[in-house]
Every structure is written in C-alpha cells, then in structure tokens.
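Raw data.cif, mmCIF, C-alpha atoms:
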```
data_protein
loop_
_atom_site.label_atom_id
_atom_site.label_comp_id
_atom_site.auth_asym_id
_atom_site.auth_seq_id
_atom_site.Cartn_x
_atom_site.Cartn_y
_atom_site.Cartn_z
CA MET A 1 259.04 -26.79 112.05
CA ASP A 2 256.51 -26.14 114.81
CA LYS A 3 254.42 -23.03 114.28
CA ILE A 4 255.93 -19.79 115.53
CA TRP A 5 253.00 -17.75 116.79
CA LEU A 6 252.38 -14.03 116.74
CA SER A 7 251.46 -14.04 120.45
CA SER A 8 250.05 -17.13 122.12
CA PRO A 9 249.00 -17.66 125.76
CA THR A 10 251.75 -18.57 128.24
CA MET A 11 250.41 -20.77 131.04
CA HIS A 12 252.17 -21.60 134.31
CA GLY A 13 249.97 -24.02 136.27
CA ASP A 14 248.61 -21.60 138.87
CA GLU A 15 245.70 -20.98 136.50
CA GLN A 16 244.57 -24.60 136.85
CA TYR A 17 244.46 -24.33 140.65
CA TRP A 18 242.04 -21.40 140.66
CA VAL A 19 239.88 -22.86 137.87
CA ASP A 20 239.65 -26.14 139.82
CA GLU A 21 238.80 -24.17 142.95
CA ALA A 22 235.87 -22.54 141.14
CA ILE A 23 234.63 -25.94 139.97
CA ARG A 24 235.20 -27.65 143.33
CA THR A 25 233.22 -24.97 145.18
CA ASN A 26 230.56 -24.86 142.42
CA TRP A 27 231.09 -21.12 141.75
CA VAL A 28 231.23 -21.34 137.95
CA SER A 29 228.91 -18.50 136.94
CA THR A 30 229.34 -14.72 137.17
CA VAL A 31 229.81 -14.52 140.95
CA GLY A 32 232.78 -15.80 142.96
CA VAL A 33 236.01 -15.16 144.79
CA ASN A 34 238.12 -15.30 141.62
CA ILE A 35 236.20 -12.36 140.15
CA ASP A 36 236.52 -10.37 143.37
CA GLU A 37 240.26 -11.01 143.58
CA VAL A 38 240.92 -10.18 139.92
CA GLU A 39 239.08 -6.88 140.27
CA LYS A 40 241.07 -5.99 143.38
CA LEU A 41 244.48 -7.13 142.13
CA VAL A 42 244.30 -5.50 138.69
CA ALA A 43 242.93 -2.21 140.05
CA GLN A 44 245.71 -2.14 142.66
CA LYS A 45 248.40 -2.98 140.11
CA ILE A 46 247.31 -0.20 137.78
CA GLY A 47 246.50 2.36 140.45
CA ARG A 48 242.74 2.77 140.12
CA LYS A 49 240.19 2.57 142.91
CA TYR A 50 237.71 0.23 141.23
CA GLY A 51 237.77 -2.47 138.61
CA VAL A 52 234.74 -4.19 137.09
CA ALA A 53 235.50 -7.57 135.53
CA LEU A 54 233.67 -8.12 132.26
CA SER A 55 233.41 -10.70 129.49
CA SER A 56 235.74 -8.83 127.10
CA GLY A 57 237.62 -5.63 126.53
CA THR A 58 234.94 -4.71 123.99
CA ALA A 59 232.24 -5.07 126.65
CA ALA A 60 234.31 -2.80 128.91
CA LEU A 61 234.61 -0.21 126.14
CA HIS A 62 230.87 -0.35 125.50
CA LEU A 63 230.05 0.25 129.16
CA ALA A 64 232.68 3.02 129.30
CA VAL A 65 230.85 4.71 126.42
CA ARG A 66 227.55 4.30 128.29
CA LEU A 67 229.03 5.81 131.44
CA ALA A 68 230.58 8.72 129.55
CA GLY A 69 227.38 9.40 127.65
CA ASP A 70 225.29 9.34 130.81
CA ARG A 71 227.70 11.74 132.49
CA LEU A 72 227.86 14.12 129.54
CA PHE A 73 224.35 14.03 128.11
CA GLY A 74 222.09 12.22 130.58
CA PRO A 75 220.72 8.64 130.46
CA ALA A 76 219.76 7.24 127.07
CA LEU A 77 216.19 6.37 126.24
CA ALA A 78 215.57 2.70 125.50
CA TYR A 79 215.06 3.31 121.78
CA HIS A 80 218.32 5.08 120.94
CA GLY A 81 221.94 5.24 122.02
CA VAL A 82 223.42 7.52 124.63
CA LEU A 83 225.60 9.24 121.99
CA GLU A 84 222.87 9.66 119.41
CA GLY A 85 223.92 12.40 116.99
CA LYS A 86 227.16 13.20 118.87
CA LYS A 87 230.64 13.29 117.34
CA VAL A 88 233.46 11.51 119.17
CA PHE A 89 237.20 11.89 118.49
CA CYS A 90 238.77 8.42 118.11
CA SER A 91 242.19 6.90 117.48
CA ASP A 92 242.55 6.11 113.80
CA MET A 93 245.18 3.38 113.99
CA THR A 94 243.69 0.72 116.23
CA PHE A 95 241.56 -2.42 116.20
CA ALA A 96 237.90 -1.83 115.36
CA ALA A 97 236.84 -2.85 118.88
CA THR A 98 238.21 0.47 120.19
CA VAL A 99 235.75 2.55 118.21
CA ASN A 100 232.77 0.27 117.46
CA PRO A 101 231.06 0.96 120.83
CA VAL A 102 230.72 4.61 119.80
CA SER A 103 228.61 3.41 116.89
CA TYR A 104 226.70 0.97 119.12
CA GLU A 105 225.49 4.01 121.06
CA GLY A 106 224.59 6.11 118.02
CA GLY A 107 227.71 8.29 118.00
CA GLU A 108 229.71 9.38 114.97
CA CYS A 109 233.43 8.55 115.06
CA VAL A 110 235.78 11.31 113.87
CA PHE A 111 239.19 9.73 113.38
CA ILE A 112 242.39 11.45 114.52
CA ASP A 113 245.69 10.80 112.73
CA THR A 114 248.70 9.03 114.22
CA GLY A 115 252.13 10.39 115.18
CA TYR A 116 255.35 8.87 113.84
CA ASP A 117 257.05 9.14 117.24
CA ASP A 118 254.79 6.66 119.06
CA TRP A 119 252.19 5.42 116.52
CA ASN A 120 249.44 6.78 118.78
CA MET A 121 247.00 9.68 118.57
CA ASP A 122 248.73 12.88 117.40
CA PRO A 123 247.96 15.75 119.82
CA GLU A 124 248.43 18.32 117.03
CA ALA A 125 245.76 16.56 114.98
CA LEU A 126 243.53 16.43 118.07
CA GLU A 127 243.93 20.20 118.56
CA LYS A 128 243.01 20.71 114.91
CA ALA A 129 239.95 18.50 115.42
CA PHE A 130 238.77 20.74 118.27
CA ASP A 131 239.30 23.78 116.04
CA ILE A 132 236.92 22.19 113.52
CA TYR A 133 234.46 20.63 116.00
CA PRO A 134 234.75 22.65 119.25
CA ASP A 135 231.64 21.10 120.81
CA VAL A 136 232.94 17.52 120.96
CA LYS A 137 233.04 16.21 124.53
CA LEU A 138 234.46 12.69 124.27
CA ILE A 139 237.82 11.24 123.15
CA VAL A 140 238.47 7.51 122.72
CA LEU A 141 242.15 6.65 122.38
CA ALA A 142 244.25 3.47 122.33
CA HIS A 143 247.86 2.66 123.25
CA LEU A 144 249.11 0.72 120.23
CA TYR A 145 250.90 -2.64 120.48
CA GLY A 146 251.81 -2.13 124.13
CA THR A 147 253.58 1.23 123.68
CA PRO A 148 251.79 4.01 125.59
CA SER A 149 251.10 7.41 124.12
CA ALA A 150 254.13 9.61 124.68
CA HIS A 151 251.78 12.62 124.71
CA MET A 152 249.20 11.43 127.22
CA GLU A 153 249.74 14.35 129.57
CA GLU A 154 249.36 16.81 126.69
CA ILE A 155 246.23 15.05 125.43
CA ARG A 156 244.78 15.14 128.95
CA LYS A 157 245.34 18.91 129.08
CA ILE A 158 243.70 19.35 125.67
CA ALA A 159 240.69 17.36 126.84
CA ASP A 160 240.39 19.32 130.08
CA ARG A 161 240.64 22.61 128.22
CA HIS A 162 237.67 21.62 126.06
CA GLY A 163 235.67 19.98 128.84
CA ALA A 164 235.99 16.55 127.19
CA LEU A 165 236.15 13.13 128.82
CA ILE A 166 238.68 10.45 127.81
CA ILE A 167 238.05 6.74 127.39
CA GLU A 168 241.46 5.06 127.49
CA ASP A 169 241.78 1.75 125.65
CA ALA A 170 244.72 0.08 127.39
CA ALA A 171 243.75 -3.37 126.07
CA GLU A 172 247.20 -3.91 124.54
CA SER A 173 249.28 -2.10 127.16
CA LEU A 174 248.63 -3.69 130.57
CA GLY A 175 251.79 -3.21 132.65
CA ALA A 176 253.15 -0.38 130.50
CA SER A 177 253.76 3.07 132.00
CA ILE A 178 254.37 6.72 131.17
CA HIS A 179 256.67 9.13 132.99
CA ILE A 180 254.71 12.16 134.16
CA PRO A 181 256.98 14.95 135.46
CA SER A 182 254.16 17.02 136.94
CA ILE A 183 252.92 14.61 139.63
CA SER A 184 254.28 13.45 142.97
CA SER A 185 254.98 9.77 143.31
CA GLY A 186 252.13 8.81 145.65
CA ASN A 187 251.94 5.02 145.46
CA ARG A 188 253.73 5.07 142.09
CA GLU A 189 257.37 4.60 141.21
CA SER A 190 259.16 7.92 141.65
CA THR A 191 262.27 8.98 139.74
CA GLN A 192 265.42 10.88 140.70
CA SER A 193 264.55 13.66 138.25
CA GLY A 194 261.10 14.11 139.78
CA GLY A 195 257.67 12.99 138.69
CA ALA A 196 256.57 9.38 138.55
CA TRP A 197 255.94 6.43 136.27
CA VAL A 198 252.19 5.98 135.90
CA GLN A 199 250.59 2.81 134.52
CA THR A 200 248.39 2.94 131.47
CA GLY A 201 244.83 2.49 132.63
CA CYS A 202 245.19 5.55 134.90
CA PHE A 203 244.78 8.26 132.27
CA GLY A 204 241.17 7.96 131.22
CA ASP A 205 238.05 9.13 132.99
CA TYR A 206 237.21 5.53 132.13
CA SER A 207 239.92 3.04 131.18
CA ILE A 208 239.82 -0.57 130.04
CA VAL A 209 242.17 -3.54 129.80
CA SER A 210 241.80 -6.86 127.97
CA PHE A 211 242.54 -10.47 128.87
CA ASN A 212 241.96 -11.84 125.38
CA GLY A 213 243.88 -14.97 124.40
CA ASN A 214 246.80 -13.15 122.76
CA LYS A 215 247.29 -10.39 125.37
CA ILE A 216 250.21 -9.98 127.79
CA ILE A 217 248.24 -11.94 130.41
CA THR A 218 245.08 -13.81 129.51
CA GLY A 219 241.97 -15.56 130.69
CA SER A 220 241.27 -16.81 127.15
CA SER A 221 238.82 -13.91 127.13
CA GLY A 222 237.73 -11.18 129.52
CA GLY A 223 238.30 -7.52 130.16
CA MET A 224 237.97 -4.89 132.86
CA LEU A 225 236.64 -1.37 133.20
CA LEU A 226 238.60 0.89 135.56
CA THR A 227 237.31 3.98 137.31
CA ASP A 228 237.88 6.01 140.48
CA ASP A 229 234.15 6.61 141.01
CA MET A 230 232.38 4.09 143.27
CA GLU A 231 228.90 4.93 141.98
CA GLU A 232 229.93 4.50 138.36
CA ALA A 233 231.59 1.15 139.18
CA ARG A 234 228.32 0.06 140.83
CA LYS A 235 226.34 1.20 137.79
CA CYS A 236 228.68 -0.70 135.47
CA ARG A 237 228.26 -3.92 137.49
CA LYS A 238 224.49 -3.52 137.35
CA TRP A 239 224.43 -2.96 133.59
CA SER A 240 226.72 -5.95 133.05
CA THR A 241 224.18 -8.27 134.70
CA GLN A 242 221.15 -7.20 132.61
CA ALA A 243 220.43 -4.13 134.78
CA ARG A 244 218.26 -6.12 137.14
CA GLU A 245 216.70 -4.00 139.91
CA ASP A 246 216.56 -4.86 143.61
CA ALA A 247 213.09 -6.42 143.51
CA PRO A 248 211.67 -9.89 144.27
CA TRP A 249 211.04 -10.44 140.54
CA TYR A 250 213.00 -9.61 137.39
CA GLN A 251 212.54 -5.85 137.29
CA HIS A 252 214.31 -3.83 134.55
CA GLU A 253 214.14 -0.05 134.40
CA GLU A 254 217.03 0.54 131.97
CA LEU A 255 218.94 -1.36 129.32
CA GLY A 256 221.40 -3.98 130.51
CA TYR A 257 223.77 -6.54 129.02
CA ASN A 258 225.13 -10.02 129.67
CA TYR A 259 228.68 -8.72 130.11
CA ARG A 260 229.86 -10.02 133.50
CA LEU A 261 233.02 -12.16 133.67
CA SER A 262 232.77 -15.84 134.52
CA ASN A 263 234.37 -16.99 137.79
CA VAL A 264 236.05 -19.82 135.84
CA ILE A 265 237.73 -17.44 133.39
CA ALA A 266 238.61 -15.17 136.31
CA GLY A 267 240.48 -18.14 137.77
CA ILE A 268 242.76 -18.23 134.73
CA ILE A 269 243.38 -14.50 135.00
CA ARG A 270 244.02 -14.79 138.74
CA GLY A 271 246.71 -17.37 138.03
CA GLN A 272 248.27 -15.17 135.34
CA ILE A 273 248.55 -11.92 137.31
CA PRO A 274 251.72 -12.85 139.26
CA TYR A 275 253.52 -13.47 135.94
CA LEU A 276 252.83 -10.10 134.30
CA SER A 277 256.36 -8.79 134.89
CA SER A 278 258.04 -11.94 133.60
CA HIS A 279 255.85 -11.89 130.49
CA ILE A 280 256.90 -8.30 129.84
CA GLU A 281 260.57 -9.23 130.29
CA GLY A 282 260.18 -12.06 127.78
CA LYS A 283 258.49 -9.78 125.25
CA GLN A 284 261.22 -7.17 125.70
CA THR A 285 263.87 -9.81 124.99
CA VAL A 286 262.09 -10.64 121.73
CA TRP A 287 261.95 -6.94 120.72
CA GLU A 288 265.63 -6.41 121.53
CA ARG A 289 266.66 -9.47 119.51
CA TYR A 290 264.82 -8.09 116.50
CA ARG A 291 266.39 -4.65 116.92
CA THR A 292 269.85 -6.21 116.99
CA GLY A 293 269.24 -8.78 114.27
CA LEU A 294 267.68 -6.32 111.80
CA ARG A 295 269.96 -3.33 112.43
CA ASP A 296 271.78 -3.75 109.10
CA LEU A 297 268.53 -3.57 107.09
CA PRO A 298 266.66 -0.43 105.97
CA VAL A 299 263.99 -0.94 108.65
CA SER A 300 263.13 0.42 112.09
CA MET A 301 261.38 -1.20 115.02
CA ASN A 302 258.14 0.28 116.37
CA PRO A 303 259.18 3.49 118.15
CA ILE A 304 259.65 3.66 121.92
CA PRO A 305 259.83 7.27 123.16
CA ALA A 306 262.10 8.02 126.13
CA ASN A 307 259.21 8.86 128.46
CA VAL A 308 257.40 5.53 128.13
CA ARG A 309 257.97 1.97 129.29
CA PRO A 310 256.12 -0.39 126.95
CA ASN A 311 255.02 -3.91 127.75
CA TYR A 312 256.45 -4.91 124.33
CA TRP A 313 253.27 -6.89 123.56
CA LEU A 314 254.00 -7.02 119.83
CA SER A 315 257.31 -6.39 118.08
CA CYS A 316 256.65 -4.46 114.89
CA MET A 317 258.86 -2.98 112.21
CA ILE A 318 258.51 -0.40 109.47
CA ILE A 319 260.43 -0.43 106.19
CA HIS A 320 262.17 2.78 105.15
CA SER A 321 260.38 4.48 102.25
CA GLU A 322 263.29 4.18 99.83
CA ALA A 323 263.53 0.42 100.49
CA MET A 324 259.90 -0.38 99.69
CA CYS A 325 259.26 -2.60 96.68
CA PRO A 326 256.09 -1.89 94.65
CA GLN A 327 253.03 -3.08 96.60
CA ILE A 328 249.31 -2.74 95.88
CA ARG A 329 246.52 -3.69 98.25
CA SER A 330 242.86 -4.11 97.38
CA GLU A 331 240.16 -4.57 100.00
CA ARG A 332 241.00 -8.25 100.50
CA GLY A 333 244.13 -9.04 98.56
CA ASN A 334 247.56 -7.74 97.60
CA LEU A 335 250.21 -7.78 94.89
CA TYR A 336 253.88 -6.90 95.12
CA THR A 337 256.88 -6.91 92.81
CA ASP A 338 259.99 -8.77 93.96
CA THR A 339 262.72 -6.13 93.70
CA SER A 340 266.43 -6.58 94.38
CA GLY A 341 267.54 -4.85 97.58
CA LYS A 342 263.98 -3.92 98.53
CA SER A 343 260.99 -5.54 100.15
CA CYS A 344 257.52 -4.76 101.48
CA PRO A 345 255.28 -6.02 104.31
CA ASP A 346 253.28 -8.34 102.08
CA GLU A 347 256.40 -10.03 100.71
CA ILE A 348 257.80 -10.58 104.21
CA LEU A 349 254.49 -11.86 105.60
CA SER A 350 254.16 -14.26 102.65
CA ALA A 351 257.69 -15.57 103.22
CA LEU A 352 257.03 -16.06 106.93
CA MET A 353 253.80 -17.91 106.26
CA LYS A 354 255.63 -20.41 104.04
CA VAL A 355 257.71 -21.58 107.02
CA ASN A 356 254.79 -21.68 109.46
CA CYS A 357 255.45 -18.30 111.13
CA GLU A 358 252.56 -16.03 112.05
CA GLY A 359 252.95 -12.32 111.34
CA ARG A 360 250.33 -9.68 110.56
CA PRO A 361 249.95 -6.34 108.83
CA ILE A 362 249.74 -3.26 111.02
CA TRP A 363 246.15 -2.41 111.99
CA LYS A 364 244.42 -1.02 108.93
CA PRO A 365 243.45 2.56 109.91
CA MET A 366 239.81 3.09 110.71
CA HIS A 367 239.40 5.84 108.13
CA LEU A 368 240.32 3.29 105.43
CA GLN A 369 237.86 0.66 106.65
CA PRO A 370 234.79 0.34 104.39
CA VAL A 371 232.44 0.56 107.35
CA TYR A 372 233.92 3.93 108.39
CA ARG A 373 235.19 5.31 105.09
CA ASN A 374 232.65 8.13 104.96
CA HIS A 375 233.55 9.40 108.43
CA THR A 376 235.67 12.51 108.93
CA PHE A 377 239.40 11.97 109.30
CA ILE A 378 241.61 14.73 110.69
CA THR A 379 245.37 15.23 110.43
CA LYS A 380 247.39 18.06 111.94
CA ALA A 381 246.92 19.87 108.62
CA GLY A 382 243.13 19.61 108.83
CA ILE A 383 240.52 17.30 107.38
CA GLY A 384 242.34 14.45 105.62
CA ARG A 385 242.89 15.19 101.96
CA LEU A 386 243.46 13.05 98.90
CA GLU A 387 246.44 13.33 96.55
CA ASN A 388 246.40 11.19 93.40
CA GLY A 389 243.55 9.27 94.93
CA MET A 390 245.50 8.46 98.12
CA ARG A 391 245.17 9.81 101.65
CA ILE A 392 248.15 11.87 102.83
CA ASP A 393 248.56 10.99 106.48
CA VAL A 394 250.73 9.11 108.98
CA SER A 395 248.26 6.30 109.69
CA SER A 396 248.09 5.19 106.05
CA ASP A 397 251.86 5.40 105.68
CA VAL A 398 252.57 3.23 108.74
CA PHE A 399 249.96 0.72 107.54
CA GLU A 400 251.57 0.64 104.09
CA ARG A 401 255.14 0.13 105.34
CA GLY A 402 254.72 -1.65 108.68
CA LEU A 403 254.13 -5.20 109.90
CA CYS A 404 253.82 -7.15 113.15
CA LEU A 405 256.49 -9.80 113.63
CA PRO A 406 256.15 -13.11 115.50
CA SER A 407 256.32 -11.95 119.12
CA ASP A 408 255.59 -15.00 121.21
CA ASN A 409 257.52 -14.88 124.49
CA LYS A 410 258.07 -18.65 124.29
CA MET A 411 259.89 -18.32 120.97
CA THR A 412 263.48 -19.53 121.33
CA ALA A 413 266.48 -17.49 120.20
CA GLY A 414 267.02 -20.08 117.46
CA GLU A 415 263.46 -19.79 116.20
CA GLN A 416 263.74 -16.02 116.18
CA GLU A 417 266.96 -16.26 114.18
CA ILE A 418 264.99 -18.14 111.51
CA VAL A 419 262.50 -15.24 111.34
CA ILE A 420 265.34 -12.70 111.15
CA ASP A 421 267.07 -14.68 108.40
CA ILE A 422 263.86 -14.82 106.34
CA ILE A 423 263.49 -11.04 106.59
CA HIS A 424 267.08 -10.59 105.41
CA ARG A 425 266.45 -12.87 102.43
CA CYS A 426 263.46 -10.75 101.41
CA PHE A 427 265.79 -7.77 100.90
CA LYS A 428 268.28 -9.65 98.67
#
```
Would you mind writing the file out in structure tokens?
Amino acid sequence: MDKIWLSSPTMHGDEQYWVDEAIRTNWVSTVGVNIDEVEKLVAQKIGRKYGVALSSGTAALHLAVRLAGDRLFGPALAYHGVLEGKKVFCSDMTFAATVNPVSYEGGECVFIDTGYDDWNMDPEALEKAFDIYPDVKLIVLAHLYGTPSAHMEEIRKIADRHGALIIEDAAESLGASIHIPSISSGNRESTQSGGAWVQTGCFGDYSIVSFNGNKIITGSSGGMLLTDDMEEARKCRKWSTQAREDAPWYQHEELGYNYRLSNVIAGIIRGQIPYLSSHIEGKQTVWERYRTGLRDLPVSMNPIPANVRPNYWLSCMIIHSEAMCPQIRSERGNLYTDTSGKSCPDEILSALMKVNCEGRPIWKPMHLQPVYRNHTFITKAGIGRLENGMRIDVSSDVFERGLCLPSDNKMTAGEQEIVIDIIHRCFK
C-alpha cells in the first residue's frame, strides 16, 4: 500500500507558474513581486495591515520576540538578548519552535497549562501565573493543531489588565477563526446574533503564520510576521536582511538576521493561497470521517468549541482514561501491554506504522522536555506539583492519552477506512 501521510503538501499547478515567473525574470533572491503579493494577500486574508514574509515561522517568532522586547524594555545591546532576565508566559502544549525564540533572546519561559475544552492555554492557569509573577509583560501562545483558542478574548483581557503584550503563534491555524461577540463586523464576517468571526493571526500584538511543508498551505518553507504597525513592519524587514543601514557601504548599527523569504518560495505560496478554503474543506472531511468511524470506541476527537472554526489541520483523538492499556514512556522509547478491550497511543501508532501509515504522538509538553524541565510550570491550582513522581496537569494527560492521526487531505475514503479499521483492531 502507498504511504498514507500525516499531512503532505497538496499542489495544484499554479505554484509552478509563479516559480517559473521568478526564474524567467531572474528574481530568485529575497526581492520580487511574489514576495510583495504574498505579503499583501495573506495580510488581507487574515485582516492585518502589514505582513513581512520570512524564511520560516520560527524566524517570524524570533523577530516578534525582538519587536516585543524592544517595545517593552528598549533595544537590546549586541552582547545579550532583548529579554535578558525576563520571565515570559508560554503555551505548554506546543512545538518547541513556539517558545525557543524566548530563550534565543535571554528570556525565561514559564509554561502555562492546557485546557481540556480546546487543548490551548488555560486562562485560569494564566491568571494564576500573574498572581505568582505579576510583573511579567509578555505572553506567547499557540493555537494547537488548527483549532483556535476558545478563550482568546478572555486571554486578551487578562493581558491588557496586566499591561502585557501577546505574541500569537498561528502557525498551525491559518484560515481558522474565532467568534468574538464584542466587536462589530468591520471587514469581517458578521453573524445574526451579533459580533463577528475573526481570523487567527489578528489577536496578537504580533502574530505569525507558517508555510512549512506540512501546513494547510505551503511554500515548502516560509513564514510571516503580522502587525498593524507600519514602523514595526519596516523594522522587521530591516532586521530580516541583516539590519543593513542606508549607506553606500555595508553599515550595521544593530543585530540582524538572514531571515527574508526567497522570491522562488514565495511563488509556491502565491500559487497555494487561492486553495486555502478547499484545503480546509478537505481536512474537515477527514476529521468528520474519523468522528463517524470511531464513534463506537472509547475515544474522542480533538475538541472543537462552539465559538471557533478550525482549519482542521490535524485530526487527533484522545483515548478515554478507563480504556487506556498500561503504557510507559522513557525519554526516547516506550512500552505498552496489549490488553483486551483497551489500547493506548503507542500501540495504535505502532500498528499504523506497520501498514505504512504516518501518525504521531501529541506534542510532548514543554515542561516535560529535558531542555526546559527546570522551568516553572503553572496550572490553575498553582505551580505544577508532583504526585507519585508524576505531574498532575492537563498537558501531561493529553500527551499520555492522545495521538495525531493520518490527516492528509488527499487520503481517499477507502484509505481512511483502513486507518479506522486498524484503530478498531487495537481495542479488541
């Protein structure tokens, strides 16, 4: 059987046209019409004034941290980071790229627990974090697996109350939206009950999206920083091209980076943008098939609160506690006991792998990562505690019981039935 992928690129042909155009006109470096168009089209789609196209979502996050640090604490000196000695509240359940830029700039990540209702940052835990560290001025949060935070408006109010900025990692959630009752529609989609649907990427003082190879639309790589401040967009562009000054020689008066997007890669992204909605529809079909096909098992799909519209980037499931077979994970390996009527993520992932299907564990929470294990972790009950040597928190529980299923939008109904059948067999 051909490999069934977790989430592979879906190409349409338009991408080739714009890549060829870049080559034909000899604009193959970090300047060109493709870059200009991608910045304009993505910013317009999301609802931000300015977009800065960069080499990756991680680069965008790093420059967002630089911008936030400059705004909060003043420009960094060349020999240390802009967040040197500062604590930053960060999503706990996410990919490391969300939080690593805080460390790049000398900051100390304080990880905030997850909520069961959306698998995103828990606002109660965030409030508790401010009770413990009232001087923190920066929050970095992610929307997990394409499902936006159901509590974004509440988190925004918490941040404003404490004078904190938000960096919004929307790398996984391009095209997803949140219903906000308190705003007028403006150029957004209004609803009969009032309020409007607002795209992720609009909620941060600085927001980022990703065009990595497995994302909802892709350039093979690439990312974008989004802001409503023209001067900060200009500063970001300057930093992304080695912070070269306007002088007849190479003049550098602050640190810069080689972070600008290539016009060739921008051509791929430009060709992908018109297909964002159809990609989301395909991903939703995959998620709905899983929900239907697994409804007789003791599992649940990743939660979708009523006030959000996900982009369904990855279909995930979580096994009910009473249906978990014994499972032990070390730093790099795992063991499980095959138990009648029960299963666990590692058993299911192993079974899928045997038939050439790609699944993955849920993101391992940052507070469990060796590189961050000594950092503070906060739940709504306070600083994360240990019980019988184990953390008692939502993030760890979702990691223990959850997994990401093959979610490729080119997967046929027949191929998905094979995946569903394998999962059923694991519970026999």
Quiz prompt | Selection result of the PyMOL selection byres ((chain A and resi 134) around 12) on this file, as a ChimeraX atom specification | solution = /A:87-89,126-133,135-138,158-159,161-164
Quiz prompt | Resolved residues for the PyMOL selection byres ((chain A and resi 108) around 9) as a PyMOL selection string | solution = chain A and resi 83-89+102-103+106-107+109-110+375
Residues from the last selection, C-alpha atoms, saved as a CSV table (one decimal), in the coordinates of the input:
```csv
chain,number,residue,atom,x,y,z
A,83,LEU,CA,225.6,9.2,122.0
A,84,GLU,CA,222.9,9.7,119.4
A,85,GLY,CA,223.9,12.4,117.0
A,86,LYS,CA,227.2,13.2,118.9
A,87,LYS,CA,230.6,13.3,117.3
A,88,VAL,CA,233.5,11.5,119.2
A,89,PHE,CA,237.2,11.9,118.5
A,102,VAL,CA,230.7,4.6,119.8
A,103,SER,CA,228.6,3.4,116.9
A,106,GLY,CA,224.6,6.1,118.0
A,107,GLY,CA,227.7,8.3,118.0
A,109,CYS,CA,233.4,8.6,115.1
A,110,VAL,CA,235.8,11.3,113.9
A,375,HIS,CA,233.6,9.4,108.4
```
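For Gly115 (chain A), the non-local neighbours within 7 Å, defined as residues at least 6 positions apart in the same chain or in other chains and counting all atoms listed in the file, are Met121, Asp122 and Val394 of chain A.
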Quiz item: So what do you get for CA of Trp27 (chain A) versus CA of Gly57 (chain A), distance-wise?
Solution: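 Going from CA of Trp27 (chain A) over to CA of Gly57 (chain A), I get 22.7 Å.
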Quiz item: Is there a way to get, as a PyMOL selection string, all residues within 10 Å of the point (267.4, -10.9, 104.0) in file coordinates, counting only C-alpha atoms?
Solution: chain A and resi 294+296-297+341-343+348+419-428
Exercise. Evaluate the PyMOL selection byres ((chain A and resi 268-278) around 6) here and jot the selected residues down as a list in words.
Key: Asp14, Glu15, Val38, Ile217, Thr218, Gly219, Ile265, Ala266, Gly267, His279, Ile280 and Glu281 of chain A
Exercise. Rank A:Pro75, A:Gly32, A:Pro326, A:Pro101 by their smallest atom-to-atom distance to Ala53 (chain A), using only C-alpha atoms, and report the top residue only.
Key: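 Nearest to Ala53 (chain A): A:Gly32.
Counting only C-alpha atoms, the residue from A:Ile35, A:Cys344, A:Ile216, A:Ile155 that sits nearest to Leu314 (chain A) is A:Ile216.
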Quiz prompt | Between CA of Gly402 (chain A) and CA of Ala60 (chain A) - distance in Å to one decimal | solution = 28.8 Å
Quiz item: In terms of the shortest atom-to-atom distance over all atoms listed in the file, which of A:Asn212, A:Thr241, A:Gln16, A:Asn311 is closest to Ser173 (chain A)?
Solution: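 Smallest distance to Ser173 (chain A) is found for A:Asn311.
Comparing the minimum interatomic distances between Asn214 (chain A) and each of A:Ala171, A:Ser321, A:Thr98, A:Ser91, counting only C-alpha atoms, we find that A:Ala171 sits nearest.
Nearest to Gln199 (chain A) of all the residues A:Gly384, A:Gly282, A:Pro310, A:Gly333 is A:Pro310, counting only C-alpha atoms.
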Exercise. May I ask for the distance between CA of Ser55 (chain A) and CA of Ser221 (chain A), given in Å to one decimal place?
Key: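 CA of Ser55 (chain A) sits 6.7 Å away from CA of Ser221 (chain A).
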Quiz item: Hey, which of A:Met224, A:Ile46, A:Val286, A:Ala413 ends up closest to Leu261 (chain A)? Count only C-alpha atoms.
Solution: A:Met224
Report as AutoDock Vina command-line options the centre and the edge lengths, in Å to one decimal, of the axis-aligned box holding every listed atom of region 84-87 of chain A, padded by 4 Å on each side.
```
--center_x 226.8 --center_y 11.5 --center_z 118.2 --size_x 15.8 --size_y 11.6 --size_z 10.4
```
Self-check item: His367 (chain A) environment, 10 Å, only C-alpha atoms, sequence neighbours closer than 6 positions dropped, as an MDAnalysis selection string
Solution: chainID A and resid 91:93 109:113 373:378 384 391 395:396
Exercise. Within 9 Å of Trp5 (chain A), counting all atoms listed in the file, which residues show up once you throw out same-chain ones fewer than 2 positions away? Write them as a PyMOL selection string, please.
Key: chain A and resi 3+7-8+356-359+406-408+411
